[in-house]
Every structure is written in C-alpha cells, then in structure tokens.
>>> print(open('input.txt').read())   # compact mmCIF, N, CA and C atoms
# COMPACT_ATOMS: atom_id res chain seq x y z
N LYS C 258 14.36 10.71 10.43
CA LYS C 258 13.17 9.86 10.52
C LYS C 258 11.91 10.72 10.42
N MET C 259 10.99 10.25 9.59
CA MET C 259 9.71 10.95 9.44
C MET C 259 8.83 10.69 10.65
N SER C 260 7.99 11.68 10.98
CA SER C 260 6.99 11.43 12.00
C SER C 260 5.63 11.40 11.29
N TYR C 261 4.65 10.77 11.93
CA TYR C 261 3.35 10.63 11.29
C TYR C 261 2.69 12.00 11.18
N ASP C 262 2.18 12.29 10.01
CA ASP C 262 1.49 13.56 9.74
C ASP C 262 0.03 13.24 9.48
N ASN C 263 -0.85 13.67 10.38
CA ASN C 263 -2.28 13.41 10.24
C ASN C 263 -2.90 14.05 9.00
N ASN C 264 -2.17 14.94 8.35
CA ASN C 264 -2.68 15.58 7.15
C ASN C 264 -2.07 15.02 5.87
N ASN C 265 -1.37 13.87 5.96
CA ASN C 265 -0.85 13.26 4.74
C ASN C 265 -2.02 12.77 3.89
N ILE C 266 -1.77 12.64 2.58
CA ILE C 266 -2.86 12.32 1.65
C ILE C 266 -3.56 11.00 1.99
N PHE C 267 -2.83 10.01 2.47
CA PHE C 267 -3.46 8.72 2.78
C PHE C 267 -4.33 8.82 4.03
N ALA C 268 -3.91 9.62 5.01
CA ALA C 268 -4.74 9.86 6.18
C ALA C 268 -6.05 10.53 5.76
N LYS C 269 -5.96 11.49 4.84
CA LYS C 269 -7.16 12.18 4.34
C LYS C 269 -8.07 11.23 3.58
N ILE C 270 -7.48 10.32 2.79
CA ILE C 270 -8.28 9.32 2.08
C ILE C 270 -8.97 8.40 3.09
N LEU C 271 -8.25 7.96 4.12
CA LEU C 271 -8.85 7.09 5.14
C LEU C 271 -10.00 7.78 5.86
N ARG C 272 -9.90 9.09 6.06
CA ARG C 272 -10.98 9.85 6.72
C ARG C 272 -12.10 10.21 5.76
N GLY C 273 -11.95 9.92 4.48
CA GLY C 273 -12.99 10.23 3.51
C GLY C 273 -12.97 11.67 3.03
N GLU C 274 -11.89 12.40 3.32
CA GLU C 274 -11.79 13.81 2.91
C GLU C 274 -11.36 13.94 1.46
N ILE C 275 -10.66 12.93 0.95
CA ILE C 275 -10.23 12.89 -0.44
C ILE C 275 -10.74 11.57 -1.00
N PRO C 276 -11.37 11.59 -2.18
CA PRO C 276 -11.87 10.34 -2.74
C PRO C 276 -10.76 9.46 -3.29
N CYS C 277 -11.04 8.18 -3.44
CA CYS C 277 -10.11 7.26 -4.07
C CYS C 277 -10.92 6.28 -4.91
N ASN C 278 -10.25 5.67 -5.86
CA ASN C 278 -10.86 4.63 -6.69
C ASN C 278 -10.60 3.30 -5.99
N LYS C 279 -11.51 2.95 -5.06
CA LYS C 279 -11.31 1.83 -4.14
C LYS C 279 -11.35 0.49 -4.84
N ILE C 280 -10.43 -0.39 -4.46
CA ILE C 280 -10.38 -1.76 -4.94
C ILE C 280 -10.90 -2.70 -3.87
N TYR C 281 -10.47 -2.48 -2.63
CA TYR C 281 -10.78 -3.40 -1.53
C TYR C 281 -10.64 -2.67 -0.21
N GLU C 282 -11.49 -3.05 0.74
CA GLU C 282 -11.38 -2.50 2.10
C GLU C 282 -11.87 -3.54 3.09
N ASP C 283 -11.17 -3.63 4.21
CA ASP C 283 -11.64 -4.43 5.33
C ASP C 283 -11.25 -3.71 6.61
N VAL C 284 -11.30 -4.41 7.71
CA VAL C 284 -11.00 -3.82 9.02
C VAL C 284 -9.57 -3.28 9.11
N PHE C 285 -8.64 -3.92 8.40
CA PHE C 285 -7.22 -3.59 8.55
C PHE C 285 -6.64 -2.72 7.45
N VAL C 286 -7.16 -2.83 6.23
CA VAL C 286 -6.53 -2.18 5.09
C VAL C 286 -7.52 -1.49 4.16
N LEU C 287 -6.97 -0.58 3.37
CA LEU C 287 -7.70 0.04 2.26
C LEU C 287 -6.79 -0.06 1.05
N SER C 288 -7.37 -0.45 -0.08
CA SER C 288 -6.61 -0.52 -1.32
C SER C 288 -7.33 0.28 -2.40
N PHE C 289 -6.55 0.98 -3.21
CA PHE C 289 -7.12 1.81 -4.27
C PHE C 289 -6.09 1.96 -5.38
N TYR C 290 -6.57 2.40 -6.55
CA TYR C 290 -5.68 2.59 -7.69
C TYR C 290 -4.82 3.84 -7.50
N ASP C 291 -3.56 3.76 -7.88
CA ASP C 291 -2.65 4.90 -7.84
C ASP C 291 -3.13 5.94 -8.85
N ILE C 292 -3.15 7.21 -8.47
CA ILE C 292 -3.63 8.26 -9.38
C ILE C 292 -2.62 8.57 -10.49
N ASN C 293 -1.38 8.10 -10.32
CA ASN C 293 -0.36 8.31 -11.35
C ASN C 293 0.30 6.96 -11.65
N PRO C 294 -0.45 6.06 -12.33
CA PRO C 294 0.06 4.69 -12.50
C PRO C 294 1.35 4.62 -13.28
N GLN C 295 2.26 3.77 -12.79
CA GLN C 295 3.56 3.57 -13.42
C GLN C 295 3.59 2.33 -14.30
N LYS C 296 2.60 1.47 -14.15
CA LYS C 296 2.51 0.23 -14.93
C LYS C 296 1.05 0.03 -15.30
N LYS C 297 0.79 -1.00 -16.13
CA LYS C 297 -0.58 -1.28 -16.59
C LYS C 297 -1.55 -1.37 -15.41
N ILE C 298 -1.17 -2.12 -14.39
CA ILE C 298 -1.94 -2.15 -13.14
C ILE C 298 -1.02 -1.61 -12.04
N HIS C 299 -1.51 -0.59 -11.33
CA HIS C 299 -0.74 0.01 -10.24
C HIS C 299 -1.72 0.35 -9.12
N ALA C 300 -1.70 -0.47 -8.08
CA ALA C 300 -2.58 -0.28 -6.94
C ALA C 300 -1.76 0.05 -5.71
N LEU C 301 -2.40 0.65 -4.73
CA LEU C 301 -1.80 0.90 -3.43
C LEU C 301 -2.60 0.15 -2.38
N ILE C 302 -1.92 -0.32 -1.35
CA ILE C 302 -2.60 -0.90 -0.20
C ILE C 302 -1.97 -0.31 1.04
N ILE C 303 -2.83 0.19 1.94
CA ILE C 303 -2.36 0.86 3.15
C ILE C 303 -3.05 0.29 4.38
N PRO C 304 -2.33 0.23 5.50
CA PRO C 304 -2.99 -0.15 6.75
C PRO C 304 -3.85 1.02 7.23
N LYS C 305 -4.88 0.71 7.98
CA LYS C 305 -5.75 1.76 8.50
C LYS C 305 -5.14 2.47 9.71
N GLY C 306 -4.17 1.85 10.35
CA GLY C 306 -3.51 2.48 11.50
C GLY C 306 -2.51 3.54 11.07
N LYS C 307 -2.12 4.36 12.03
CA LYS C 307 -1.19 5.47 11.77
C LYS C 307 0.25 5.01 11.90
N TYR C 308 0.78 4.46 10.81
CA TYR C 308 2.15 3.97 10.80
C TYR C 308 2.92 4.67 9.68
N VAL C 309 4.09 5.18 10.01
CA VAL C 309 4.89 5.95 9.05
C VAL C 309 5.45 5.06 7.94
N ASP C 310 6.02 3.91 8.33
CA ASP C 310 6.69 3.05 7.36
C ASP C 310 6.69 1.63 7.89
N LEU C 311 7.33 0.73 7.16
CA LEU C 311 7.33 -0.69 7.53
C LEU C 311 8.01 -0.92 8.88
N ASP C 312 9.08 -0.19 9.16
CA ASP C 312 9.77 -0.36 10.44
C ASP C 312 8.84 0.03 11.60
N ASP C 313 8.17 1.17 11.47
CA ASP C 313 7.22 1.63 12.48
C ASP C 313 6.09 0.61 12.65
N PHE C 314 5.56 0.13 11.54
CA PHE C 314 4.47 -0.86 11.55
C PHE C 314 4.90 -2.14 12.26
N ASN C 315 6.05 -2.70 11.86
CA ASN C 315 6.49 -3.95 12.47
C ASN C 315 6.85 -3.80 13.93
N SER C 316 7.26 -2.61 14.35
CA SER C 316 7.60 -2.36 15.75
C SER C 316 6.37 -2.11 16.62
N ASN C 317 5.30 -1.55 16.03
CA ASN C 317 4.20 -1.05 16.85
C ASN C 317 2.82 -1.62 16.56
N ALA C 318 2.63 -2.25 15.41
CA ALA C 318 1.31 -2.79 15.07
C ALA C 318 1.05 -4.07 15.85
N THR C 319 -0.23 -4.40 15.99
CA THR C 319 -0.60 -5.67 16.62
C THR C 319 -0.35 -6.81 15.63
N SER C 320 -0.28 -8.01 16.15
CA SER C 320 -0.12 -9.18 15.29
C SER C 320 -1.27 -9.26 14.29
N GLU C 321 -2.47 -8.93 14.72
CA GLU C 321 -3.64 -8.96 13.84
C GLU C 321 -3.50 -7.96 12.70
N GLU C 322 -2.98 -6.77 13.00
CA GLU C 322 -2.78 -5.76 11.95
C GLU C 322 -1.73 -6.23 10.94
N ILE C 323 -0.66 -6.85 11.43
CA ILE C 323 0.40 -7.32 10.54
C ILE C 323 -0.13 -8.41 9.62
N VAL C 324 -0.80 -9.39 10.19
CA VAL C 324 -1.39 -10.46 9.38
C VAL C 324 -2.42 -9.87 8.41
N GLY C 325 -3.22 -8.94 8.88
CA GLY C 325 -4.25 -8.33 8.04
C GLY C 325 -3.67 -7.63 6.82
N LEU C 326 -2.55 -6.93 7.00
CA LEU C 326 -1.92 -6.23 5.87
C LEU C 326 -1.32 -7.23 4.88
N ILE C 327 -0.58 -8.21 5.39
CA ILE C 327 0.07 -9.17 4.50
C ILE C 327 -0.97 -9.98 3.73
N LYS C 328 -2.01 -10.44 4.41
CA LYS C 328 -3.08 -11.17 3.73
C LYS C 328 -3.84 -10.25 2.77
N GLY C 329 -3.97 -8.98 3.15
CA GLY C 329 -4.66 -8.01 2.30
C GLY C 329 -3.97 -7.84 0.95
N ILE C 330 -2.64 -7.89 0.95
CA ILE C 330 -1.90 -7.76 -0.31
C ILE C 330 -2.30 -8.89 -1.26
N THR C 331 -2.36 -10.12 -0.76
CA THR C 331 -2.75 -11.25 -1.59
C THR C 331 -4.21 -11.13 -2.04
N THR C 332 -5.08 -10.68 -1.15
CA THR C 332 -6.49 -10.50 -1.50
C THR C 332 -6.64 -9.51 -2.65
N VAL C 333 -5.91 -8.40 -2.57
CA VAL C 333 -5.97 -7.38 -3.62
C VAL C 333 -5.41 -7.93 -4.93
N ALA C 334 -4.29 -8.64 -4.87
CA ALA C 334 -3.71 -9.23 -6.09
C ALA C 334 -4.71 -10.17 -6.75
N LYS C 335 -5.43 -10.96 -5.96
CA LYS C 335 -6.44 -11.86 -6.52
C LYS C 335 -7.58 -11.06 -7.14
N LYS C 336 -8.04 -10.03 -6.44
CA LYS C 336 -9.13 -9.19 -6.99
C LYS C 336 -8.74 -8.55 -8.31
N LEU C 337 -7.48 -8.18 -8.44
CA LEU C 337 -6.98 -7.54 -9.66
C LEU C 337 -6.65 -8.54 -10.77
N GLY C 338 -6.69 -9.83 -10.45
CA GLY C 338 -6.38 -10.86 -11.44
C GLY C 338 -4.91 -10.98 -11.77
N ILE C 339 -4.04 -10.57 -10.84
CA ILE C 339 -2.60 -10.60 -11.10
C ILE C 339 -1.84 -11.58 -10.21
N SER C 340 -2.56 -12.27 -9.32
CA SER C 340 -1.87 -13.26 -8.48
C SER C 340 -1.35 -14.38 -9.35
N VAL C 341 -0.44 -15.18 -8.84
CA VAL C 341 0.10 -16.27 -9.66
C VAL C 341 -0.97 -17.30 -10.00
N ASN C 342 -2.03 -17.37 -9.21
CA ASN C 342 -3.13 -18.29 -9.52
C ASN C 342 -4.01 -17.77 -10.65
N ASP C 343 -4.19 -16.46 -10.73
CA ASP C 343 -5.11 -15.85 -11.69
C ASP C 343 -4.41 -15.18 -12.86
N GLY C 344 -3.21 -14.72 -12.65
CA GLY C 344 -2.47 -14.00 -13.67
C GLY C 344 -1.09 -14.60 -13.80
N LYS C 345 -0.12 -13.74 -14.04
CA LYS C 345 1.25 -14.23 -14.19
C LYS C 345 2.18 -13.68 -13.12
N GLY C 346 1.59 -13.08 -12.09
CA GLY C 346 2.41 -12.55 -11.01
C GLY C 346 2.43 -11.04 -10.98
N TYR C 347 3.06 -10.51 -9.95
CA TYR C 347 3.07 -9.07 -9.70
C TYR C 347 4.26 -8.71 -8.84
N ARG C 348 4.48 -7.43 -8.67
CA ARG C 348 5.54 -6.94 -7.79
C ARG C 348 4.89 -6.10 -6.70
N THR C 349 5.38 -6.25 -5.49
CA THR C 349 4.97 -5.37 -4.41
C THR C 349 6.21 -4.61 -3.93
N LEU C 350 6.00 -3.34 -3.61
CA LEU C 350 7.11 -2.46 -3.26
C LEU C 350 6.67 -1.51 -2.15
N SER C 351 7.53 -1.33 -1.17
CA SER C 351 7.31 -0.31 -0.16
C SER C 351 8.58 0.50 0.01
N ASN C 352 8.47 1.80 -0.17
CA ASN C 352 9.60 2.71 0.02
C ASN C 352 9.66 3.12 1.49
N ILE C 353 10.86 3.06 2.06
CA ILE C 353 11.01 3.34 3.48
C ILE C 353 12.09 4.40 3.68
N GLY C 354 11.69 5.52 4.24
CA GLY C 354 12.63 6.58 4.58
C GLY C 354 13.17 7.34 3.38
N ASP C 355 14.05 8.26 3.67
CA ASP C 355 14.61 9.17 2.69
C ASP C 355 15.37 8.43 1.58
N TYR C 356 16.29 7.57 1.96
CA TYR C 356 17.09 6.84 0.97
C TYR C 356 16.24 5.85 0.19
N GLY C 357 15.14 5.38 0.80
CA GLY C 357 14.24 4.45 0.12
C GLY C 357 13.28 5.14 -0.83
N GLY C 358 13.27 6.47 -0.81
CA GLY C 358 12.41 7.22 -1.73
C GLY C 358 10.99 7.41 -1.25
N GLN C 359 10.75 7.25 0.05
CA GLN C 359 9.39 7.41 0.58
C GLN C 359 8.96 8.87 0.50
N GLU C 360 7.76 9.10 -0.03
CA GLU C 360 7.25 10.47 -0.17
C GLU C 360 6.10 10.76 0.79
N VAL C 361 5.23 9.78 1.04
CA VAL C 361 4.08 9.97 1.93
C VAL C 361 4.37 9.25 3.25
N PRO C 362 4.28 9.96 4.39
CA PRO C 362 4.62 9.36 5.67
C PRO C 362 3.50 8.48 6.25
N HIS C 363 2.95 7.60 5.42
CA HIS C 363 1.99 6.58 5.87
C HIS C 363 2.37 5.31 5.12
N LEU C 364 2.61 4.23 5.86
CA LEU C 364 3.02 2.97 5.23
C LEU C 364 2.11 2.63 4.07
N HIS C 365 2.71 2.32 2.93
CA HIS C 365 1.93 1.87 1.78
C HIS C 365 2.75 0.93 0.93
N PHE C 366 2.05 -0.01 0.34
CA PHE C 366 2.65 -0.94 -0.61
C PHE C 366 2.08 -0.65 -1.99
N HIS C 367 2.96 -0.64 -2.97
CA HIS C 367 2.56 -0.55 -4.37
C HIS C 367 2.42 -1.97 -4.89
N LEU C 368 1.38 -2.25 -5.65
CA LEU C 368 1.25 -3.52 -6.36
C LEU C 368 1.28 -3.18 -7.85
N PHE C 369 2.23 -3.77 -8.56
CA PHE C 369 2.37 -3.55 -10.00
C PHE C 369 2.10 -4.87 -10.71
N GLY C 370 1.39 -4.82 -11.82
CA GLY C 370 1.15 -6.05 -12.58
C GLY C 370 0.47 -5.79 -13.90
N GLY C 371 0.01 -6.89 -14.49
CA GLY C 371 -0.69 -6.80 -15.77
C GLY C 371 0.22 -6.76 -16.98
N GLU C 372 1.53 -6.78 -16.73
CA GLU C 372 2.52 -6.79 -17.80
C GLU C 372 3.84 -7.27 -17.23
N LYS C 373 4.76 -7.65 -18.11
CA LYS C 373 6.09 -8.06 -17.65
C LYS C 373 6.81 -6.82 -17.12
N LEU C 374 7.33 -6.90 -15.90
CA LEU C 374 7.87 -5.71 -15.23
C LEU C 374 9.36 -5.48 -15.46
N GLY C 375 10.10 -6.49 -15.84
CA GLY C 375 11.52 -6.30 -16.06
C GLY C 375 12.31 -6.26 -14.76
N LYS C 376 13.53 -5.75 -14.84
CA LYS C 376 14.42 -5.72 -13.67
C LYS C 376 13.84 -4.82 -12.58
N MET C 377 14.25 -5.12 -11.37
CA MET C 377 13.71 -4.41 -10.21
C MET C 377 14.21 -2.97 -10.14
N VAL C 378 15.47 -2.73 -10.39
CA VAL C 378 16.00 -1.35 -10.31
C VAL C 378 16.80 -1.03 -11.54
>>> encode(input="input.txt", output="structure tokens")
Amino acid sequence: KMSYDNNNIFAKILRGEIPCNKIYEDVFVLSFYDINPQKKIHALIIPKGKYVDLDDFNSNATSEEIVGLIKGITTVAKKLGISVNDGKGYRTLSNIGDYGGQEVPHLHFHLFGGEKLGKMV
C-alpha cells in the first residue's frame, strides 16, 4: 500500500509549485489537462485533500468532499464539451494501487473524450 507523499507532483501542483493548464477549480477539486495526453481530450481531476487513492478517499474523506469530487467530474466534462448533454460522452478512469497501475500517490481521475474511445482494456 502506498502512503501519501507530500512531494508527489499533484501535491506540488496544488501548492502552486508546479504550473498546470487549469480547466476548473473549486473548494474541493482541481482539474487540468494531462501533460501527456492519451486521447484527443485528456483531463485530470484531483481532490484538494491528501488522499492516496479511491479507497483512502472513500474511507477518510468527508461526505462533502466525496460529493464535491463526483459532481466536479460532471462539471469538468460539461466545461470540456464532452458530457452526454454537450458531446457524445467520455470515459473516467482511476488507477488504484500497484496492480491498478497507479503511478502518483494522490487520488486522480482521468477524463478521456472528444473521440470514440473503443474497448476499455
């Protein structure tokens, strides 16, 4: 199990030590474009709290933080024009732990869209 590292890249972005191409920010979340996009549209959305992964977040975050993150995903999709109301849909993905392929020990969701994505794996 990973432990939270205050020097992970997302923690540094949240502290303003590393710049990001911001899409959306509120009290609970920050969203920005992935620096190495895998699809036509590839955004990240992260909670502002120090949570390693989804399990840590769901076990330790407040109800307000949980609602804020989930609603934030939809807000970002709408801003990007990829929600089912504005576009043709999108994929959200969160890697959890070693077997899940998680690389940064700060919970993050990838939003992919702007093109047909094909099979999941």
>>> residues_around(input="input.txt", residues="Ser288 in chain C", least_positions_apart="5", cutoff="7 Å", atoms="only N, CA and C atoms", output="list in words")
Asn278, Lys279, Ile280, Tyr281, Glu282, Asp283, Ala300, Leu301, Ile302 and Ile303 of chain C
>>> closest_residue(input="input.txt", among="C:Val309, C:Ile327, C:Pro304, C:Lys345", to="Val284 in chain C", atoms="all atoms listed in the file")
C:Pro304
>>> select_by_dssp(input="input.txt", residues="chain C", states="alpha helix (DSSP H)", output="VMD selection string")
chain C and resid 266 to 271 311 to 317 320 to 337 354 to 357
>>> residues_around(input="input.txt", residues="Ile323 in chain C", least_positions_apart="6", cutoff="8 Å", atoms="all atoms listed in the file", output="list in words")
Phe285, Phe314, Asn315 and Gly329 of chain C
>>> atom_distance(input="input.txt", atom1="CA of Phe289 in chain C", atom2="CA of Val378 in chain C")
24.1 Å
>>> residues_near_point(input="input.txt", point="(4.0, -2.9, -4.2)", cutoff="7 Å", atoms="only N, CA and C atoms", output="MDAnalysis selection string")
chainID C and resid 300:301 348:351 365:369
>>> atom_distance(input="input.txt", atom1="atom C of Lys297 in chain C", atom2="atom N of Gly370 in chain C")
5.8 Å
>>> atom_distance(input="input.txt", atom1="CA of Ser320 in chain C", atom2="atom N of Gln359 in chain C")
24.9 Å
>>> axis_aligned_box(input="input.txt", around="range 330-337 of chain C", padding_each_side="5 Å", output="JSON")
{"center_x": -5.5, "center_y": -9.6, "center_z": -4.9, "size_x": 17.2, "size_y": 14.5, "size_z": 21.7}
>>> residues_around(input="input.txt", residues="Gly354 in chain C", least_positions_apart="6", cutoff="8 Å", atoms="all atoms listed in the file", output="list of chain:residue names")
C:Lys258, C:Met259, C:Val309, C:Asp310, C:Leu311, C:Asp312, C:Glu360
>>> closest_residue(input="input.txt", among="C:Asp291, C:Asn342, C:Lys307, C:Asn265", to="Cys277 in chain C", atoms="only C-alpha atoms")
C:Asp291
>>> residues_near_point(input="input.txt", point="(1.9, 10.7, 6.7)", cutoff="7 Å", atoms="all atoms listed in the file", output="PyMOL selection string")
chain C and resi 260-268+308-309+361-364
>>> write_last_selection(input="input.txt", atoms="N, CA and C atoms", output="compact mmCIF listing (two decimals), in the coordinates of the input")
# COMPACT_ATOMS: atom_id res chain seq x y z
N SER C 260 7.99 11.68 10.98
CA SER C 260 6.99 11.43 12.00
C SER C 260 5.63 11.40 11.29
N TYR C 261 4.65 10.77 11.93
CA TYR C 261 3.35 10.63 11.29
C TYR C 261 2.69 12.00 11.18
N ASP C 262 2.18 12.29 10.01
CA ASP C 262 1.49 13.56 9.74
C ASP C 262 0.03 13.24 9.48
N ASN C 263 -0.85 13.67 10.38
CA ASN C 263 -2.28 13.41 10.24
C ASN C 263 -2.90 14.05 9.00
N ASN C 264 -2.17 14.94 8.35
CA ASN C 264 -2.68 15.58 7.15
C ASN C 264 -2.07 15.02 5.87
N ASN C 265 -1.37 13.87 5.96
CA ASN C 265 -0.85 13.26 4.74
C ASN C 265 -2.02 12.77 3.89
N ILE C 266 -1.77 12.64 2.58
CA ILE C 266 -2.86 12.32 1.65
C ILE C 266 -3.56 11.00 1.99
N PHE C 267 -2.83 10.01 2.47
CA PHE C 267 -3.46 8.72 2.78
C PHE C 267 -4.33 8.82 4.03
N ALA C 268 -3.91 9.62 5.01
CA ALA C 268 -4.74 9.86 6.18
C ALA C 268 -6.05 10.53 5.76
N TYR C 308 0.78 4.46 10.81
CA TYR C 308 2.15 3.97 10.80
C TYR C 308 2.92 4.67 9.68
N VAL C 309 4.09 5.18 10.01
CA VAL C 309 4.89 5.95 9.05
C VAL C 309 5.45 5.06 7.94
N VAL C 361 5.23 9.78 1.04
CA VAL C 361 4.08 9.97 1.93
C VAL C 361 4.37 9.25 3.25
N PRO C 362 4.28 9.96 4.39
CA PRO C 362 4.62 9.36 5.67
C PRO C 362 3.50 8.48 6.25
N HIS C 363 2.95 7.60 5.42
CA HIS C 363 1.99 6.58 5.87
C HIS C 363 2.37 5.31 5.12
N LEU C 364 2.61 4.23 5.86
CA LEU C 364 3.02 2.97 5.23
C LEU C 364 2.11 2.63 4.07
>>> closest_residue(input="input.txt", among="C:Asp313, C:His299, C:Asp355, C:Gly306", to="Gly371 in chain C", atoms="all atoms listed in the file")
C:His299
>>> select_by_dssp(input="input.txt", residues="chain C", states="strand (DSSP E or B)", output="list in words")
Lys279, Ile280, Tyr281, Glu282, Val286, Leu287, Ser288, Phe289, Tyr290, Ile298, His299, Ala300, Leu301, Ile302, Ile303, Pro304, Tyr347, Arg348, Thr349, Leu350, Phe366, His367, Leu368, Phe369 and Gly370 of chain C
